[in-house]
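Listing of data-v5.txt, compact mmCIF, C-alpha atoms and all ligand atoms
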# COMPACT_ATOMS: atom_id res chain seq x y z
CA MET P 9 0.00 0.00 0.00
CA ILE P 10 1.33 3.41 -1.02
CA ILE P 11 0.42 6.15 1.44
CA ILE P 12 1.41 9.76 0.85
CA ILE P 13 1.34 12.46 3.53
CA THR P 14 0.98 16.03 2.36
CA GLY P 15 0.05 19.30 4.04
CA THR P 16 1.33 22.79 4.77
CA PRO P 17 4.84 22.94 6.29
CA GLY P 18 4.63 22.56 10.06
CA THR P 19 1.32 20.68 10.12
CA GLY P 20 3.04 17.48 11.28
CA LYS P 21 3.70 15.36 8.18
CA SER P 22 7.11 14.04 9.21
CA THR P 23 6.06 13.35 12.79
CA LEU P 24 3.04 11.40 11.59
CA ALA P 25 4.88 9.68 8.71
CA LYS P 26 7.56 8.29 11.02
CA ALA P 27 5.11 7.14 13.68
CA LEU P 28 2.76 5.57 11.13
CA ALA P 29 5.60 3.79 9.31
CA LYS P 30 6.75 2.32 12.62
CA LYS P 31 3.22 1.20 13.50
CA LEU P 32 2.51 -0.36 10.09
CA LYS P 33 6.10 -1.64 9.85
CA ILE P 34 6.60 -0.18 6.40
CA HIS P 35 9.28 1.95 4.79
CA CYS P 36 9.14 5.74 5.08
CA ILE P 37 10.46 7.93 2.28
CA ASP P 38 11.48 11.45 3.22
CA ALA P 39 11.15 13.40 -0.03
CA ASN P 40 13.61 16.02 1.22
CA LYS P 41 16.29 13.35 1.16
CA VAL P 42 15.24 12.31 -2.36
CA ILE P 43 15.46 15.97 -3.45
CA ASP P 44 19.04 16.16 -2.16
CA GLU P 45 20.08 12.76 -3.46
CA TYR P 46 18.79 13.41 -6.97
CA LYS P 47 19.80 17.10 -6.93
CA LEU P 48 16.31 18.38 -7.70
CA LYS P 49 16.87 21.86 -6.28
CA GLU P 50 16.87 24.17 -9.28
CA ALA P 51 17.44 27.57 -7.78
CA TYR P 52 17.28 29.45 -4.53
CA ASP P 53 14.49 31.95 -4.09
CA LYS P 54 16.14 34.60 -1.93
CA LYS P 55 12.94 36.45 -1.17
CA ARG P 56 11.07 33.34 -0.05
CA LYS P 57 14.19 31.83 1.55
CA SER P 58 13.45 28.48 -0.04
CA TYR P 59 14.60 26.32 -2.91
CA ILE P 60 12.66 25.82 -6.10
CA VAL P 61 12.22 22.11 -6.76
CA ASP P 62 11.46 20.38 -10.04
CA GLU P 63 8.16 18.83 -8.93
CA LYS P 64 7.65 16.81 -12.10
CA LYS P 65 11.04 15.13 -11.75
CA LEU P 66 10.38 14.51 -8.07
CA SER P 67 7.05 12.89 -8.87
CA LYS P 68 8.70 10.61 -11.44
CA ILE P 69 11.39 9.50 -9.01
CA LEU P 70 8.83 8.92 -6.26
CA ILE P 71 6.86 6.69 -8.63
CA LYS P 72 10.01 4.66 -9.32
CA LEU P 73 10.67 4.33 -5.59
CA THR P 74 7.19 2.95 -5.04
CA LYS P 75 8.12 0.06 -7.35
CA LEU P 76 11.08 -0.62 -5.08
CA TYR P 77 8.94 -0.24 -1.94
CA PRO P 78 5.41 -1.39 -2.81
CA ASP P 79 4.43 -0.69 0.81
CA CYS P 80 5.61 2.69 1.94
CA ILE P 81 4.77 6.14 3.24
CA ILE P 82 5.94 9.22 1.35
CA ASP P 83 6.41 12.39 3.39
CA SER P 84 6.26 15.61 1.37
CA HIS P 85 4.11 18.69 0.81
CA MET P 86 4.63 17.90 -2.91
CA ALA P 87 3.70 14.21 -2.71
CA HIS P 88 0.13 14.85 -3.89
CA GLU P 89 1.53 15.78 -7.31
CA MET P 90 1.89 12.04 -7.91
CA PRO P 91 -0.81 10.64 -10.19
CA LYS P 92 -3.75 9.00 -8.45
CA LYS P 93 -3.07 5.57 -9.96
CA HIS P 94 0.22 5.30 -8.06
CA VAL P 95 -1.26 6.23 -4.69
CA ASP P 96 -3.65 4.25 -2.49
CA LEU P 97 -4.24 6.80 0.21
CA CYS P 98 -3.44 10.50 0.63
CA ILE P 99 -3.27 11.85 4.16
CA VAL P 100 -3.54 15.63 4.44
CA THR P 101 -2.37 17.06 7.76
CA LYS P 102 -3.94 20.24 9.01
CA THR P 103 -3.40 22.46 12.03
CA GLU P 104 -5.44 25.24 13.52
CA LEU P 105 -3.74 28.57 12.72
CA LYS P 106 -2.65 29.68 16.20
CA THR P 107 -0.89 26.38 16.82
CA LEU P 108 0.67 26.38 13.34
CA LYS P 109 1.97 29.93 13.85
CA LYS P 110 3.60 28.88 17.14
CA ARG P 111 5.21 25.84 15.51
CA LEU P 112 6.59 27.89 12.60
CA GLU P 113 7.90 30.66 14.87
CA LYS P 114 9.65 28.05 16.98
CA ARG P 115 11.62 27.14 13.84
CA LYS P 116 12.89 30.72 13.64
CA TYR P 117 11.29 31.21 10.24
CA SER P 118 11.18 34.83 9.04
CA LYS P 119 7.91 36.73 9.46
CA ALA P 120 7.33 36.51 5.71
CA LYS P 121 7.85 32.75 5.65
CA VAL P 122 5.52 32.25 8.62
CA GLN P 123 2.89 34.35 6.84
CA GLU P 124 3.36 32.48 3.55
CA ASN P 125 2.78 29.14 5.24
CA LEU P 126 -0.18 30.41 7.26
CA GLN P 127 -1.75 31.64 4.01
CA ALA P 128 -1.14 28.25 2.42
CA GLU P 129 -3.01 26.68 5.34
CA ILE P 130 -5.86 29.22 5.20
CA PHE P 131 -6.37 28.55 1.49
CA GLU P 132 -5.95 24.78 2.06
CA ILE P 133 -3.59 24.65 -0.92
CA CYS P 134 -2.28 21.10 -0.44
CA HIS P 135 -5.77 19.79 0.36
CA THR P 136 -7.31 21.44 -2.70
CA GLU P 137 -4.53 20.28 -5.03
CA ALA P 138 -4.80 16.73 -3.66
CA GLN P 139 -8.57 16.82 -4.29
CA GLU P 140 -7.99 18.08 -7.82
CA LYS P 141 -5.65 15.14 -8.45
CA GLY P 142 -8.49 12.84 -7.41
CA HIS P 143 -6.70 11.19 -4.49
CA LYS P 144 -8.54 9.28 -1.80
CA ILE P 145 -8.05 11.70 1.09
CA ILE P 146 -8.06 11.51 4.88
CA LEU P 147 -7.83 14.86 6.60
CA ILE P 148 -5.98 14.67 9.93
CA ASP P 149 -5.97 17.51 12.43
CA THR P 150 -2.67 17.41 14.34
CA ALA P 151 -3.66 20.25 16.67
CA LYS P 152 -6.76 18.47 17.95
CA ASN P 153 -5.34 14.95 17.97
CA LYS P 154 -2.34 13.47 19.69
CA ILE P 155 -0.15 11.37 17.44
CA ASP P 156 -1.59 8.06 18.78
CA THR P 157 -5.11 9.26 17.96
CA CYS P 158 -4.00 10.35 14.47
CA ILE P 159 -2.67 6.84 13.86
CA LYS P 160 -5.87 5.21 15.13
CA LEU P 161 -7.98 7.41 12.85
CA ILE P 162 -5.86 6.37 9.86
CA GLN P 163 -5.89 2.67 10.78
CA ASN P 164 -9.69 2.78 11.09
CA GLU P 165 -9.94 4.33 7.64
CA ILE P 166 -7.60 1.72 6.14
CA SER P 167 -9.60 -1.17 7.57
CA GLU P 168 -12.90 0.43 6.46
CA ASN P 169 -11.47 0.56 2.92
CA LYS P 170 -10.53 -3.08 2.97
CA ARG P 171 -14.07 -4.13 3.82
N1 LIG H 1 -0.07 15.36 16.49
C1 LIG H 1 0.74 16.31 16.98
N2 LIG H 1 0.53 16.80 18.22
C2 LIG H 1 1.33 17.77 18.72
N3 LIG H 1 2.40 18.29 18.07
C3 LIG H 1 2.66 17.85 16.85
C4 LIG H 1 1.86 16.83 16.24
N4 LIG H 1 2.36 16.59 15.01
C5 LIG H 1 3.42 17.42 14.87
N5 LIG H 1 3.61 18.17 15.98
C6 LIG H 1 4.68 19.19 16.16
O1 LIG H 1 4.62 20.12 15.10
C7 LIG H 1 5.91 20.50 14.66
C8 LIG H 1 6.03 20.30 13.17
O2 LIG H 1 5.93 18.93 12.85
P1 LIG H 1 6.64 18.26 11.58
O3 LIG H 1 8.08 18.61 11.54
O4 LIG H 1 6.27 16.82 11.63
O5 LIG H 1 5.89 19.03 10.39
P2 LIG H 1 6.06 18.85 8.81
O6 LIG H 1 4.70 18.94 8.24
O7 LIG H 1 6.86 17.64 8.52
O8 LIG H 1 6.89 20.15 8.38
P3 LIG H 1 7.78 20.34 7.03
O9 LIG H 1 6.84 20.42 5.88
O10 LIG H 1 8.47 21.65 7.22
O11 LIG H 1 8.73 19.19 6.95
C9 LIG H 1 6.91 19.66 15.47
O12 LIG H 1 7.43 20.47 16.49
C10 LIG H 1 6.06 18.55 16.06
O13 LIG H 1 6.55 18.13 17.29
MG MG H 2 8.72 17.40 7.52
Can I see the file as structure tokens?
Ligand SMILES: Nc1ncnc2c1ncn2[C@@H]1O[C@H](COP(=O)(O)OP(=O)(O)OP(=O)(O)O)[C@@H](O)[C@H]1O
Ligand SMILES: [Mg+2]
Amino acid sequence: MIIIITGTPGTGKSTLAKALAKKLKIHCIDANKVIDEYKLKEAYDKKRKSYIVDEKKLSKILIKLTKLYPDCIIDSHMAHEMPKKHVDLCIVTKTELKTLKKRLEKRKYSKAKVQENLQAEIFEICHTEAQEKGHKIILIDTAKNKIDTCIKLIQNEISENKR
């Protein structure tokens, strides 16, 4: 089973991905590592203080990796760019704005970067794009739910699907 975890930066993808991979005993792919390994950073956007990544190339490489790991979790706010046919389940993490702001400020992000990510959460960009791709989506609120509860919610959904 291929599970992708997407969502605005700071909404808890990596935390959830690692815990879920451990629980389900499956491999976890950190797309940031893939981006470095395959040198997918194209340029640095000084204003936004972030790298521009070739999302199409990333998607292609992620698809190849799913052939190598037919059961895995992919952790990335770009994972939902993968075509629907290569993905069984798309988890979208979300976080209430006050909590998200605190988490992002704790990372010492600039004011502009905190604002950019808060806007992305307000406009539900990852969620909307994942819907547009036609993925089967579970929305998980990591502000309301402790990590154990998040995992239970996902496991319930997986077993419902199997029925
Ligand atoms: N369910 C949760 N309950 C409480 N805190 C959480 C939960 N999930 C994540 N957090 C906290 O939120 C912060 C951000 O989490 P994490 O690094 O997993 O986000 P991310 O979505 O992977 O971010 P990025 O896109 O930048 O990699 C961390 O400090 C983490 O401890
Ligand atoms: Mg992360």
- Closest of P:Ile130, P:Ile146, P:Asn125, P:Cys158 to Pro17 (chain P) - atom-to-atom distances counting only C-alpha atoms: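 Answer, going by the shortest atom-to-atom distance: P:Asn125.
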Using all atoms listed in the file, I'd like a table of the residues in chain P that come within 7 Å of ligand MG 2 (chain H); for each, show the closest atom pair and its distance in Å rounded to one decimal, ordered by chain and ascending number, as a tab-separated table.
residue	atom	partner	partner_atom	distance
P:Pro17	CA	H:MG2	MG	6.9
P:Gly20	CA	H:MG2	MG	6.8
P:Lys21	CA	H:MG2	MG	5.5
P:Ser22	CA	H:MG2	MG	4.1
P:Asp83	CA	H:MG2	MG	6.9
P:Ser84	CA	H:MG2	MG	6.9
- How many Å separate atom N4 of ligand LIG 1 (chain H) from CA of Glu50 (chain P)?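 Answer for the atom N4 of ligand LIG 1 (chain H) to CA of Glu50 (chain P) separation: 29.3 Å.
The nearest approach to Lys110 (chain P) among the residues P:Asn164, P:Ile148, P:Val122, P:Ile11, with all atoms listed in the file taken into account, belongs to P:Val122.
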- Item | Surroundings of ligand LIG 1 (chain H) up to 9 Å, based on only C-alpha atoms and all ligand atoms, as number ranges by chain | P: 13-26, 40, 83-85, 101-103, 107-108, 111-112, 114-115, 148-158
Go ahead and write the selection's residues with C-alpha atoms as a CSV table (one decimal), keeping the file's coordinate frame.
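The file below, part-v3.csv, is the result:
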chain,number,residue,atom,x,y,z
P,13,ILE,CA,1.3,12.5,3.5
P,14,THR,CA,1.0,16.0,2.4
P,15,GLY,CA,0.0,19.3,4.0
P,16,THR,CA,1.3,22.8,4.8
P,17,PRO,CA,4.8,22.9,6.3
P,18,GLY,CA,4.6,22.6,10.1
P,19,THR,CA,1.3,20.7,10.1
P,20,GLY,CA,3.0,17.5,11.3
P,21,LYS,CA,3.7,15.4,8.2
P,22,SER,CA,7.1,14.0,9.2
P,23,THR,CA,6.1,13.4,12.8
P,24,LEU,CA,3.0,11.4,11.6
P,25,ALA,CA,4.9,9.7,8.7
P,26,LYS,CA,7.6,8.3,11.0
P,40,ASN,CA,13.6,16.0,1.2
P,83,ASP,CA,6.4,12.4,3.4
P,84,SER,CA,6.3,15.6,1.4
P,85,HIS,CA,4.1,18.7,0.8
P,101,THR,CA,-2.4,17.1,7.8
P,102,LYS,CA,-3.9,20.2,9.0
P,103,THR,CA,-3.4,22.5,12.0
P,107,THR,CA,-0.9,26.4,16.8
P,108,LEU,CA,0.7,26.4,13.3
P,111,ARG,CA,5.2,25.8,15.5
P,112,LEU,CA,6.6,27.9,12.6
P,114,LYS,CA,9.6,28.0,17.0
P,115,ARG,CA,11.6,27.1,13.8
P,148,ILE,CA,-6.0,14.7,9.9
P,149,ASP,CA,-6.0,17.5,12.4
P,150,THR,CA,-2.7,17.4,14.3
P,151,ALA,CA,-3.7,20.2,16.7
P,152,LYS,CA,-6.8,18.5,18.0
P,153,ASN,CA,-5.3,15.0,18.0
P,154,LYS,CA,-2.3,13.5,19.7
P,155,ILE,CA,-0.2,11.4,17.4
P,156,ASP,CA,-1.6,8.1,18.8
P,157,THR,CA,-5.1,9.3,18.0
P,158,CYS,CA,-4.0,10.4,14.5
- Message: Using all atoms listed in the file, can you tell me which of P:Leu48, P:Met9, P:Met86, P:Ile37 comes closest to Ala138 (chain P)?
- Response: P:Met86
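Residue nearest Leu73 (chain P) within the list P:Lys144, P:Lys93, P:His35, P:Lys55: P:His35 [criterion: smallest interatomic distance, only C-alpha atoms].
The nearest approach to Lys54 (chain P) among the residues P:His143, P:Lys121, P:His135, P:Lys170, with all atoms listed in the file taken into account, belongs to P:Lys121.
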- Task: Can you work out which one of P:Ala29, P:Ile60, P:Ala39, P:Ile99 has the shortest atom-to-atom distance to Ile12 (chain P), counting all atoms listed in the file?
- Result: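 Ranking P:Ala29, P:Ile60, P:Ala39, P:Ile99 by distance to Ile12 (chain P), first place goes to P:Ile99.
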- Item | Point-to-point distance in Å for CA of Ser67 (chain P) and CA of Cys80 (chain P) |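 Atom-to-atom, CA of Cys80 (chain P) to CA of Ser67 (chain P), that is 14.9 Å.
CA of Gln163 (chain P) sits 9.1 Å away from CA of Leu28 (chain P).
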- Item | All residues 12 Å or closer to Glu140 (chain P), all atoms listed in the file, same chain fewer than 2 positions away omitted, as a ChimeraX atom specification | /P:88-92,133-138,142-145
Could region 70-81 of chain P be completed with all heavy atoms and returned as a PDB file, keeping the file's coordinate frame?
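Below you can see rebuild-v9.pdb, which holds the result:
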ATOM      1  N   LEU P  70       9.638   9.522  -7.325  1.00  0.00           N
ATOM      2  CA  LEU P  70       8.830   8.920  -6.260  1.00  0.00           C
ATOM      3  C   LEU P  70       8.061   7.702  -6.795  1.00  0.00           C
ATOM      4  O   LEU P  70       7.955   6.676  -6.125  1.00  0.00           O
ATOM      5  CB  LEU P  70       7.869   9.954  -5.653  1.00  0.00           C
ATOM      6  CG  LEU P  70       8.521  11.063  -4.823  1.00  0.00           C
ATOM      7  CD1 LEU P  70       7.488  12.083  -4.372  1.00  0.00           C
ATOM      8  CD2 LEU P  70       9.264  10.491  -3.615  1.00  0.00           C
ATOM      9  N   ILE P  71       7.576   7.817  -8.022  1.00  0.00           N
ATOM     10  CA  ILE P  71       6.860   6.690  -8.630  1.00  0.00           C
ATOM     11  C   ILE P  71       7.803   5.487  -8.758  1.00  0.00           C
ATOM     12  O   ILE P  71       7.437   4.356  -8.409  1.00  0.00           O
ATOM     13  CB  ILE P  71       6.269   7.070 -10.012  1.00  0.00           C
ATOM     14  CG1 ILE P  71       5.132   8.075  -9.820  1.00  0.00           C
ATOM     15  CG2 ILE P  71       5.754   5.831 -10.751  1.00  0.00           C
ATOM     16  CD1 ILE P  71       4.695   8.771 -11.107  1.00  0.00           C
ATOM     17  N   LYS P  72       9.032   5.747  -9.203  1.00  0.00           N
ATOM     18  CA  LYS P  72      10.010   4.660  -9.320  1.00  0.00           C
ATOM     19  C   LYS P  72      10.279   4.028  -7.962  1.00  0.00           C
ATOM     20  O   LYS P  72      10.381   2.805  -7.845  1.00  0.00           O
ATOM     21  CB  LYS P  72      11.325   5.198  -9.899  1.00  0.00           C
ATOM     22  CG  LYS P  72      11.322   5.222 -11.408  1.00  0.00           C
ATOM     23  CD  LYS P  72      12.708   5.515 -11.964  1.00  0.00           C
ATOM     24  CE  LYS P  72      12.601   5.835 -13.447  1.00  0.00           C
ATOM     25  NZ  LYS P  72      13.692   6.664 -13.927  1.00  0.00           N
ATOM     26  N   LEU P  73      10.388   4.855  -6.937  1.00  0.00           N
ATOM     27  CA  LEU P  73      10.670   4.330  -5.590  1.00  0.00           C
ATOM     28  C   LEU P  73       9.528   3.457  -5.062  1.00  0.00           C
ATOM     29  O   LEU P  73       9.763   2.508  -4.327  1.00  0.00           O
ATOM     30  CB  LEU P  73      10.962   5.477  -4.618  1.00  0.00           C
ATOM     31  CG  LEU P  73      12.302   6.175  -4.822  1.00  0.00           C
ATOM     32  CD1 LEU P  73      12.421   7.407  -3.929  1.00  0.00           C
ATOM     33  CD2 LEU P  73      13.467   5.218  -4.538  1.00  0.00           C
ATOM     34  N   THR P  74       8.305   3.778  -5.504  1.00  0.00           N
ATOM     35  CA  THR P  74       7.190   2.950  -5.040  1.00  0.00           C
ATOM     36  C   THR P  74       7.248   1.539  -5.646  1.00  0.00           C
ATOM     37  O   THR P  74       6.648   0.615  -5.118  1.00  0.00           O
ATOM     38  CB  THR P  74       5.805   3.569  -5.368  1.00  0.00           C
ATOM     39  OG1 THR P  74       5.685   3.702  -6.788  1.00  0.00           O
ATOM     40  CG2 THR P  74       5.614   4.907  -4.702  1.00  0.00           C
ATOM     41  N   LYS P  75       7.954   1.402  -6.770  1.00  0.00           N
ATOM     42  CA  LYS P  75       8.120   0.060  -7.350  1.00  0.00           C
ATOM     43  C   LYS P  75       9.103  -0.737  -6.492  1.00  0.00           C
ATOM     44  O   LYS P  75       8.983  -1.955  -6.351  1.00  0.00           O
ATOM     45  CB  LYS P  75       8.640   0.122  -8.798  1.00  0.00           C
ATOM     46  CG  LYS P  75       7.869   1.039  -9.711  1.00  0.00           C
ATOM     47  CD  LYS P  75       6.416   0.599  -9.876  1.00  0.00           C
ATOM     48  CE  LYS P  75       5.631   1.673 -10.620  1.00  0.00           C
ATOM     49  NZ  LYS P  75       4.236   1.793 -10.187  1.00  0.00           N
ATOM     50  N   LEU P  76      10.061  -0.002  -5.935  1.00  0.00           N
ATOM     51  CA  LEU P  76      11.080  -0.620  -5.080  1.00  0.00           C
ATOM     52  C   LEU P  76      10.484  -0.944  -3.697  1.00  0.00           C
ATOM     53  O   LEU P  76      10.818  -1.951  -3.068  1.00  0.00           O
ATOM     54  CB  LEU P  76      12.222   0.393  -4.927  1.00  0.00           C
ATOM     55  CG  LEU P  76      13.620  -0.093  -4.689  1.00  0.00           C
ATOM     56  CD1 LEU P  76      14.068  -0.961  -5.861  1.00  0.00           C
ATOM     57  CD2 LEU P  76      14.557   1.112  -4.574  1.00  0.00           C
ATOM     58  N   TYR P  77       9.606  -0.059  -3.240  1.00  0.00           N
ATOM     59  CA  TYR P  77       8.940  -0.240  -1.940  1.00  0.00           C
ATOM     60  C   TYR P  77       7.438  -0.228  -2.157  1.00  0.00           C
ATOM     61  O   TYR P  77       6.800   0.814  -2.011  1.00  0.00           O
ATOM     62  CB  TYR P  77       9.328   0.898  -0.987  1.00  0.00           C
ATOM     63  CG  TYR P  77      10.793   1.028  -0.719  1.00  0.00           C
ATOM     64  CD1 TYR P  77      11.555   2.014  -1.344  1.00  0.00           C
ATOM     65  CD2 TYR P  77      11.429   0.184   0.194  1.00  0.00           C
ATOM     66  CE1 TYR P  77      12.913   2.155  -1.080  1.00  0.00           C
ATOM     67  CE2 TYR P  77      12.787   0.319   0.454  1.00  0.00           C
ATOM     68  CZ  TYR P  77      13.511   1.300  -0.184  1.00  0.00           C
ATOM     69  OH  TYR P  77      14.857   1.445   0.078  1.00  0.00           O
ATOM     70  N   PRO P  78       6.848  -1.370  -2.496  1.00  0.00           N
ATOM     71  CA  PRO P  78       5.410  -1.390  -2.810  1.00  0.00           C
ATOM     72  C   PRO P  78       4.513  -1.082  -1.590  1.00  0.00           C
ATOM     73  O   PRO P  78       3.333  -0.799  -1.757  1.00  0.00           O
ATOM     74  CB  PRO P  78       5.163  -2.798  -3.333  1.00  0.00           C
ATOM     75  CG  PRO P  78       6.395  -3.572  -3.054  1.00  0.00           C
ATOM     76  CD  PRO P  78       7.505  -2.654  -2.715  1.00  0.00           C
ATOM     77  N   ASP P  79       5.128  -1.154  -0.392  1.00  0.00           N
ATOM     78  CA  ASP P  79       4.430  -0.690   0.810  1.00  0.00           C
ATOM     79  C   ASP P  79       5.283   0.407   1.416  1.00  0.00           C
ATOM     80  O   ASP P  79       6.374   0.119   1.924  1.00  0.00           O
ATOM     81  CB  ASP P  79       4.271  -1.828   1.833  1.00  0.00           C
ATOM     82  CG  ASP P  79       3.216  -2.825   1.390  1.00  0.00           C
ATOM     83  OD1 ASP P  79       2.089  -2.383   1.105  1.00  0.00           O
ATOM     84  OD2 ASP P  79       3.531  -4.023   1.317  1.00  0.00           O
ATOM     85  N   CYS P  80       4.809   1.619   1.336  1.00  0.00           N
ATOM     86  CA  CYS P  80       5.610   2.690   1.940  1.00  0.00           C
ATOM     87  C   CYS P  80       4.780   3.948   2.181  1.00  0.00           C
ATOM     88  O   CYS P  80       3.652   4.074   1.706  1.00  0.00           O
ATOM     89  CB  CYS P  80       6.818   3.023   1.069  1.00  0.00           C
ATOM     90  SG  CYS P  80       6.428   3.879  -0.453  1.00  0.00           S
ATOM     91  N   ILE P  81       5.383   4.840   2.962  1.00  0.00           N
ATOM     92  CA  ILE P  81       4.770   6.140   3.240  1.00  0.00           C
ATOM     93  C   ILE P  81       5.690   7.212   2.670  1.00  0.00           C
ATOM     94  O   ILE P  81       6.899   7.166   2.889  1.00  0.00           O
ATOM     95  CB  ILE P  81       4.609   6.340   4.764  1.00  0.00           C
ATOM     96  CG1 ILE P  81       3.649   5.297   5.327  1.00  0.00           C
ATOM     97  CG2 ILE P  81       4.122   7.754   5.093  1.00  0.00           C
ATOM     98  CD1 ILE P  81       3.567   5.257   6.827  1.00  0.00           C
TER      99      ILE P  81
END
